[in-house]
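Have a look at coords00.pdb; it's PDB, C-alpha atoms and all ligand atoms:
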ATOM      1  CA  MET S  27      -3.989  -5.479  -0.322
ATOM      2  CA  VAL S  28      -2.964  -4.501   3.183
ATOM      3  CA  HIS S  29      -5.002  -5.617   6.172
ATOM      4  CA  VAL S  30      -5.100  -2.758   8.645
ATOM      5  CA  LEU S  31      -6.313  -3.079  12.220
ATOM      6  CA  LEU S  32      -7.565   0.299  13.369
ATOM      7  CA  VAL S  33      -7.993   0.786  17.133
ATOM      8  CA  GLU S  34      -9.784   4.095  17.605
ATOM      9  CA  ASP S  35     -12.658   5.055  19.894
ATOM     10  CA  ASP S  36     -13.634   8.270  18.105
ATOM     11  CA  ASP S  37     -16.513   7.235  15.839
ATOM     12  CA  ALA S  38     -15.965   9.959  13.251
ATOM     13  CA  ILE S  39     -12.248   9.238  12.888
ATOM     14  CA  ARG S  40     -12.781   5.473  12.874
ATOM     15  CA  HIS S  41     -15.495   5.572  10.245
ATOM     16  CA  GLY S  42     -13.703   8.139   8.086
ATOM     17  CA  LEU S  43     -10.385   6.316   8.112
ATOM     18  CA  THR S  44     -12.012   2.933   7.558
ATOM     19  CA  ARG S  45     -13.808   4.259   4.510
ATOM     20  CA  ALA S  46     -10.789   6.100   3.129
ATOM     21  CA  LEU S  47      -8.397   3.166   3.537
ATOM     22  CA  GLY S  48     -11.007   0.843   2.057
ATOM     23  CA  GLU S  49     -11.394   3.087  -0.953
ATOM     24  CA  GLY S  50      -7.626   3.019  -1.343
ATOM     25  CA  GLY S  51      -7.798  -0.763  -1.652
ATOM     26  CA  ASP S  52      -6.893  -1.834   1.887
ATOM     27  CA  SER S  53      -9.015  -4.064   4.067
ATOM     28  CA  VAL S  54      -9.725  -2.613   7.484
ATOM     29  CA  THR S  55     -10.776  -4.164  10.772
ATOM     30  CA  ALA S  56     -11.919  -1.345  13.038
ATOM     31  CA  VAL S  57     -12.412  -1.684  16.788
ATOM     32  CA  ARG S  58     -12.976   0.911  19.490
ATOM     33  CA  THR S  59     -11.264  -0.455  22.607
ATOM     34  CA  GLY S  60      -7.807  -1.641  23.534
ATOM     35  CA  ALA S  61      -9.061  -5.062  24.599
ATOM     36  CA  GLU S  62     -10.806  -5.573  21.262
ATOM     37  CA  GLY S  63      -7.652  -4.388  19.534
ATOM     38  CA  ILE S  64      -5.444  -6.949  21.240
ATOM     39  CA  SER S  65      -7.794  -9.834  20.521
ATOM     40  CA  ALA S  66      -8.241  -8.736  16.895
ATOM     41  CA  ALA S  67      -4.459  -8.507  16.499
ATOM     42  CA  VAL S  68      -4.155 -12.106  17.683
ATOM     43  CA  ASP S  69      -7.185 -13.554  15.874
ATOM     44  CA  GLN S  70      -6.949 -11.735  12.568
ATOM     45  CA  ARG S  71      -3.201 -11.285  12.125
ATOM     46  CA  PRO S  72      -3.356  -7.867  10.467
ATOM     47  CA  ASP S  73      -0.394  -6.559   8.464
ATOM     48  CA  VAL S  74      -0.270  -3.352  10.477
ATOM     49  CA  VAL S  75      -2.016  -1.757  13.472
ATOM     50  CA  VAL S  76      -2.979   1.910  13.776
ATOM     51  CA  LEU S  77      -3.385   2.471  17.499
ATOM     52  CA  ASP S  78      -5.008   5.502  19.106
ATOM     53  CA  LEU S  79      -3.399   6.297  22.447
ATOM     54  CA  GLY S  80      -6.489   7.643  24.183
ATOM     55  CA  LEU S  81      -8.792   4.646  24.479
ATOM     56  CA  PRO S  82     -11.739   4.222  26.842
ATOM     57  CA  ASP S  83     -10.617   1.000  28.518
ATOM     58  CA  LEU S  84      -6.840   0.834  28.513
ATOM     59  CA  ASP S  85      -3.931   3.221  28.210
ATOM     60  CA  GLY S  86      -2.527   3.133  24.673
ATOM     61  CA  ALA S  87       0.981   2.472  25.988
ATOM     62  CA  ASP S  88      -0.276  -0.570  27.863
ATOM     63  CA  VAL S  89      -2.058  -1.801  24.756
ATOM     64  CA  LEU S  90       1.205  -1.473  22.866
ATOM     65  CA  THR S  91       3.082  -3.453  25.514
ATOM     66  CA  MET S  92       0.448  -6.184  25.445
ATOM     67  CA  LEU S  93       0.491  -6.255  21.667
ATOM     68  CA  ARG S  94       4.255  -6.570  21.627
ATOM     69  CA  ALA S  95       4.008  -9.528  23.992
ATOM     70  CA  VAL S  96       1.900 -11.474  21.521
ATOM     71  CA  SER S  97       2.709 -10.118  18.072
ATOM     72  CA  GLU S  98       5.461  -8.675  15.889
ATOM     73  CA  VAL S  99       2.911  -6.723  13.855
ATOM     74  CA  PRO S 100       4.061  -3.186  12.946
ATOM     75  CA  VAL S 101       2.253  -0.579  15.053
ATOM     76  CA  ILE S 102       1.661   3.067  14.180
ATOM     77  CA  VAL S 103       0.465   5.097  17.152
ATOM     78  CA  ALA S 104      -1.859   8.058  16.732
ATOM     79  CA  THR S 105      -1.429  10.809  19.235
ATOM     80  CA  ALA S 106      -2.271  14.422  19.998
ATOM     81  CA  ARG S 107       0.309  17.076  19.165
ATOM     82  CA  ASP S 108       1.473  17.790  22.701
ATOM     83  CA  ASP S 109       2.344  14.190  23.473
ATOM     84  CA  GLU S 110       5.880  14.302  22.162
ATOM     85  CA  ARG S 111       7.528  12.755  25.197
ATOM     86  CA  ASP S 112       4.909  10.031  25.077
ATOM     87  CA  VAL S 113       5.762   9.384  21.451
ATOM     88  CA  VAL S 114       9.427   8.854  22.238
ATOM     89  CA  ARG S 115       8.464   6.517  25.037
ATOM     90  CA  LEU S 116       6.137   4.605  22.724
ATOM     91  CA  LEU S 117       8.745   4.281  20.005
ATOM     92  CA  ASP S 118      11.073   2.897  22.658
ATOM     93  CA  ALA S 119       8.303   0.544  23.754
ATOM     94  CA  GLY S 120       8.033  -0.938  20.287
ATOM     95  CA  ALA S 121       5.870   1.359  18.174
ATOM     96  CA  ASP S 122       7.144   1.522  14.616
ATOM     97  CA  ASP S 123       5.959   5.017  13.797
ATOM     98  CA  TYR S 124       3.421   7.630  14.818
ATOM     99  CA  VAL S 125       0.989  10.104  13.339
ATOM    100  CA  ILE S 126      -0.079  13.334  14.986
ATOM    101  CA  LYS S 127      -3.789  14.091  15.246
ATOM    102  CA  PRO S 128      -5.591  15.433  13.357
ATOM    103  CA  TYR S 129      -4.142  13.410  10.528
ATOM    104  CA  SER S 130      -5.301  12.844   6.991
ATOM    105  CA  ALA S 131      -6.025   9.406   5.643
ATOM    106  CA  ALA S 132      -3.330   9.995   3.033
ATOM    107  CA  GLN S 133      -0.791  10.550   5.807
ATOM    108  CA  VAL S 134      -1.789   7.358   7.573
ATOM    109  CA  ARG S 135      -1.607   5.425   4.363
ATOM    110  CA  ALA S 136       1.862   6.759   3.587
ATOM    111  CA  ARG S 137       3.042   5.799   7.090
ATOM    112  CA  ILE S 138       1.562   2.340   6.671
ATOM    113  CA  ARG S 139       3.433   1.850   3.409
ATOM    114  CA  ALA S 140       6.669   3.113   4.926
ATOM    115  CA  VAL S 141       6.356   0.894   7.981
ATOM    116  CA  LEU S 142       5.599  -2.166   5.871
ATOM    117  CA  ARG S 143       8.613  -1.489   3.658
ATOM    118  CA  ARG S 144      10.855  -1.151   6.688
ATOM    119  CA  SER S 145       9.433  -4.170   8.452
ATOM    120  CA  ALA S 146      10.326  -6.453   5.581
ATOM    121  CA  PRO S 147      14.065  -5.812   5.188
ATOM    122  CA  GLY S 148      15.938  -8.192   2.973
ATOM    123  CA  THR S 149      12.794  -9.984   1.886
ATOM    124  CA  PRO S 150      13.919 -11.633  -1.302
ATOM    125  CA  GLU S 151      11.846 -10.205  -4.098
ATOM    126  CA  THR S 152      11.551 -12.784  -6.774
ATOM    127  CA  ALA S 153      11.342 -11.951 -10.439
ATOM    128  CA  VAL S 154       7.926 -11.938 -12.044
ATOM    129  CA  VAL S 155       7.683 -13.757 -15.361
ATOM    130  CA  VAL S 156       4.717 -13.339 -17.694
ATOM    131  CA  GLY S 157       5.193 -14.873 -21.127
ATOM    132  CA  GLY S 158       8.384 -13.394 -22.538
ATOM    133  CA  LEU S 159       8.442 -10.607 -19.985
ATOM    134  CA  ARG S 160      10.718 -10.883 -16.990
ATOM    135  CA  ILE S 161      10.621  -8.208 -14.298
ATOM    136  CA  ASP S 162      13.151  -8.376 -11.500
ATOM    137  CA  PRO S 163      12.330  -6.125  -8.517
ATOM    138  CA  ALA S 164      15.671  -6.812  -6.834
ATOM    139  CA  SER S 165      17.742  -5.376  -9.673
ATOM    140  CA  ARG S 166      14.879  -3.227 -10.998
ATOM    141  CA  SER S 167      15.491  -4.573 -14.465
ATOM    142  CA  ALA S 168      13.130  -5.874 -17.084
ATOM    143  CA  SER S 169      13.566  -7.881 -20.237
ATOM    144  CA  LEU S 170      11.325  -8.937 -23.084
ATOM    145  CA  ASP S 171      12.130 -12.122 -24.978
ATOM    146  CA  GLY S 172      15.621 -11.995 -23.482
ATOM    147  CA  ALA S 173      16.382  -8.400 -24.506
ATOM    148  CA  ASP S 174      16.750  -5.711 -21.820
ATOM    149  CA  VAL S 175      14.004  -3.111 -21.727
ATOM    150  CA  HIS S 176      15.148   0.208 -20.319
ATOM    151  CA  LEU S 177      12.432   1.731 -18.192
ATOM    152  CA  THR S 178      12.126   4.839 -16.092
ATOM    153  CA  ARG S 179      11.388   4.395 -12.412
ATOM    154  CA  LYS S 180       7.630   4.912 -12.810
ATOM    155  CA  GLU S 181       7.428   2.789 -15.937
ATOM    156  CA  PHE S 182       9.142   0.005 -14.047
ATOM    157  CA  ASP S 183       6.837   0.321 -11.035
ATOM    158  CA  LEU S 184       3.806   0.363 -13.313
ATOM    159  CA  LEU S 185       4.924  -2.734 -15.181
ATOM    160  CA  LEU S 186       5.736  -4.542 -11.942
ATOM    161  CA  VAL S 187       2.313  -3.863 -10.423
ATOM    162  CA  LEU S 188       0.564  -4.987 -13.605
ATOM    163  CA  ALA S 189       2.728  -8.104 -13.871
ATOM    164  CA  ARG S 190       2.070  -9.039 -10.253
ATOM    165  CA  HIS S 191      -1.621  -8.975 -11.107
ATOM    166  CA  ALA S 192      -1.199 -10.603 -14.499
ATOM    167  CA  GLY S 193      -4.484 -11.807 -15.911
ATOM    168  CA  SER S 194      -6.535  -9.396 -13.779
ATOM    169  CA  VAL S 195      -7.713  -5.910 -14.523
ATOM    170  CA  VAL S 196      -5.972  -3.339 -12.323
ATOM    171  CA  THR S 197      -7.980  -0.174 -11.918
ATOM    172  CA  ARG S 198      -6.545   3.259 -12.599
ATOM    173  CA  ARG S 199      -7.214   4.104  -8.982
ATOM    174  CA  SER S 200      -5.167   1.130  -7.786
ATOM    175  CA  LEU S 201      -2.361   2.104 -10.120
ATOM    176  CA  LEU S 202      -2.384   5.685  -8.859
ATOM    177  CA  ALA S 203      -2.275   4.320  -5.323
ATOM    178  CA  GLU S 204       0.412   1.688  -5.863
ATOM    179  CA  VAL S 205       2.680   3.425  -8.333
ATOM    180  CA  TRP S 206       2.144   7.101  -7.560
ATOM    181  CA  GLN S 207       0.992   6.856  -3.930
ATOM    182  CA  LEU S 208      -2.122   8.851  -4.876
ATOM    183  CA  PRO S 209      -4.887   6.620  -3.486
ATOM    184  CA  TRP S 210      -7.524   9.306  -3.889
ATOM    185  CA  GLY S 211      -6.914   9.986  -7.506
ATOM    186  CA  GLY S 212      -4.742  12.441  -9.288
ATOM    187  CA  ALA S 213      -4.317  13.461 -12.855
ATOM    188  CA  ASP S 214      -6.154  10.754 -14.770
ATOM    189  CA  ARG S 215      -3.809  11.228 -17.672
ATOM    190  CA  THR S 216      -0.843  10.175 -15.553
ATOM    191  CA  VAL S 217      -1.597   6.501 -15.937
ATOM    192  CA  ASP S 218      -2.422   6.770 -19.630
ATOM    193  CA  VAL S 219       0.700   8.724 -20.461
ATOM    194  CA  HIS S 220       3.008   6.297 -18.680
ATOM    195  CA  LEU S 221       1.144   3.401 -20.167
ATOM    196  CA  SER S 222       1.695   4.705 -23.669
ATOM    197  CA  TRP S 223       5.421   5.129 -22.993
ATOM    198  CA  LEU S 224       5.557   1.636 -21.574
ATOM    199  CA  ARG S 225       3.766   0.254 -24.630
ATOM    200  CA  ARG S 226       6.247   1.909 -26.936
ATOM    201  CA  LYS S 227       9.152   0.341 -25.051
ATOM    202  CA  LEU S 228       7.502  -3.060 -25.246
ATOM    203  CA  GLY S 229       6.986  -2.579 -28.958
ATOM    204  CA  GLU S 230       3.210  -2.513 -28.918
ATOM    205  CA  THR S 231       0.405   0.011 -29.218
ATOM    206  CA  ALA S 232      -3.033   0.477 -27.683
ATOM    207  CA  ALA S 233      -4.567  -0.394 -31.054
ATOM    208  CA  VAL S 234      -2.475  -3.538 -31.425
ATOM    209  CA  PRO S 235      -1.762  -4.679 -27.873
ATOM    210  CA  ARG S 236       0.271  -7.709 -26.931
ATOM    211  CA  TYR S 237       0.772  -7.595 -23.171
ATOM    212  CA  LEU S 238      -0.962  -4.399 -22.099
ATOM    213  CA  HIS S 239      -4.695  -4.350 -22.617
ATOM    214  CA  SER S 240      -6.809  -1.369 -21.650
ATOM    215  CA  VAL S 241     -10.218  -2.281 -20.364
ATOM    216  CA  ARG S 242     -12.387   0.679 -21.183
ATOM    217  CA  GLY S 243     -13.656   2.555 -18.163
ATOM    218  CA  VAL S 244     -12.013   0.102 -15.766
ATOM    219  CA  GLY S 245      -8.277  -0.125 -16.030
ATOM    220  CA  VAL S 246      -5.471  -2.178 -17.487
ATOM    221  CA  LYS S 247      -4.735  -5.863 -17.701
ATOM    222  CA  LEU S 248      -1.382  -7.458 -18.412
ATOM    223  CA  VAL S 249      -1.570 -10.858 -20.081
ATOM    224  CA  ALA S 250       0.893 -13.090 -21.856
ATOM    225  CA  PRO S 251       0.047 -13.070 -25.574
ATOM    226  CA  ASP S 252      -0.242 -16.876 -25.526
ATOM    227  CA  ASP S 253      -2.864 -16.745 -22.800
ATOM    228  CA  LEU S 254      -5.284 -14.751 -24.899
ATOM    229  CA  PRO S 255      -8.421 -16.619 -25.900
TER     230      PRO S 255
HETATM  231 CA    CA A 301      -9.304   8.456  21.474
END
Step by step, read the file and then write its structure as structure tokens.
Ligand code: CA
Amino acid sequence: MVHVLLVEDDDAIRHGLTRALGEGGDSVTAVRTGAEGISAAVDQRPDVVVLDLGLPDLDGADVLTMLRAVSEVPVIVATARDDERDVVRLLDAGADDYVIKPYSAAQVRARIRAVLRRSAPGTPETAVVVGGLRIDPASRSASLDGADVHLTRKEFDLLLVLARHAGSVVTRRSLLAEVWQLPWGGADRTVDVHLSWLRRKLGETAAVPRYLHSVRGVGVKLVAPDDLP
């Protein structure tokens, strides 16, 4: 889950984006002034800030400068189309990316993901081990009981997300968001089809599951066979 601080004075945009990001699984702190934004950035340590440039109390560029003085948090600025010179200036001043208004929530979410990926370069990604399954994000390899399992890119991403949440049900919506970057749904069959391929490669079936358990109407849970009651 990503904690987003949204600084936006337009009520409709703020409410809409807060709801949309929340539905996509993020937690959102929404404020409407630059001063509130700076104090929330300090107090709540969000993972990323989405900063509107036209705020009622302070100039967005000044807010950015103040933010940069107190925090390394990635900042995405939101601006009107004709502000291109401003955007360059803001990127120079420490913004990580920008979105042009009017933007869709999907666009903002994609920028957030991209910024977070970039802001964590070289973060060592440790292997996830669940029972006999070992999934190594660094080498993008997986093995089961010591034998390599050859997965496609999406199968690997799907398995990794499930393994990182081992023991918990992951909803189809979360999977579409995390693996396919489709936070607002998509073809429902996408998850099921990839899941069935993944099952085959792990040598199990939906009828006789070992690691991958469908929870009807909810989602999927990955558990080590030994952890089953
Ligand atoms: Ca505004």
Task: Output check: residues returned by the PyMOL selection byres (((not hetatm)) within 6 of (chain A and resi 301)), as a PyMOL selection string - done: chain S and resi 34-36+78+80-81
Open item on the list: Between S:Arg94, S:Val28, S:Ala140, S:Leu188, which residue has the minimum interatomic distance to Asp118 in chain S, considering only C-alpha atoms?
Closed with: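 Closest candidate: S:Arg94.
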Dig up all the protein and nucleic acid residues within 10 Å of (-7.4, 0.1, -10.5) in the file frame, using all atoms listed in the file, and format them as an mmCIF file with C-alpha atoms, keeping the file's coordinate frame.
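Result went into out39.cif, see below:
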data_model
loop_
_atom_site.group_PDB
_atom_site.id
_atom_site.type_symbol
_atom_site.label_atom_id
_atom_site.label_comp_id
_atom_site.auth_asym_id
_atom_site.auth_seq_id
_atom_site.Cartn_x
_atom_site.Cartn_y
_atom_site.Cartn_z
ATOM 1 C CA GLY S 50 -7.626 3.019 -1.343
ATOM 2 C CA GLY S 51 -7.798 -0.763 -1.652
ATOM 3 C CA LEU S 188 0.564 -4.987 -13.605
ATOM 4 C CA VAL S 195 -7.713 -5.910 -14.523
ATOM 5 C CA VAL S 196 -5.972 -3.339 -12.323
ATOM 6 C CA THR S 197 -7.980 -0.174 -11.918
ATOM 7 C CA ARG S 198 -6.545 3.259 -12.599
ATOM 8 C CA ARG S 199 -7.214 4.104 -8.982
ATOM 9 C CA SER S 200 -5.167 1.130 -7.786
ATOM 10 C CA LEU S 201 -2.361 2.104 -10.120
ATOM 11 C CA LEU S 202 -2.384 5.685 -8.859
ATOM 12 C CA ALA S 203 -2.275 4.320 -5.323
ATOM 13 C CA GLU S 204 0.412 1.688 -5.863
ATOM 14 C CA PRO S 209 -4.887 6.620 -3.486
ATOM 15 C CA VAL S 244 -12.013 0.102 -15.766
ATOM 16 C CA GLY S 245 -8.277 -0.125 -16.030
ATOM 17 C CA VAL S 246 -5.471 -2.178 -17.487
ATOM 18 C CA LYS S 247 -4.735 -5.863 -17.701
#
Task: Who sits within 10 Å of Asp88 in chain S, all atoms listed in the file, same chain under 5 positions skipped, as a PyMOL selection string - done: chain S and resi 60+79+93-94+116+119
- [ ] Let me know the residues the PyMOL selection byres (((chain S and resi 121) around 10) and not hetatm) catches in the file above, as number ranges by chain.
- [x] S: 75-77, 87, 90-91, 93-94, 99-103, 113-120, 122-124
Open item on the list: When you look at Gly193 in chain S with a cut-off of 12 Å (counting only C-alpha atoms), what residues show up, excluding the ones that are within fewer than 3 positions of it in the same chain? I need them as number ranges by chain.
Closed with: S: 156-157, 187-190, 196, 237-239, 241, 246-255
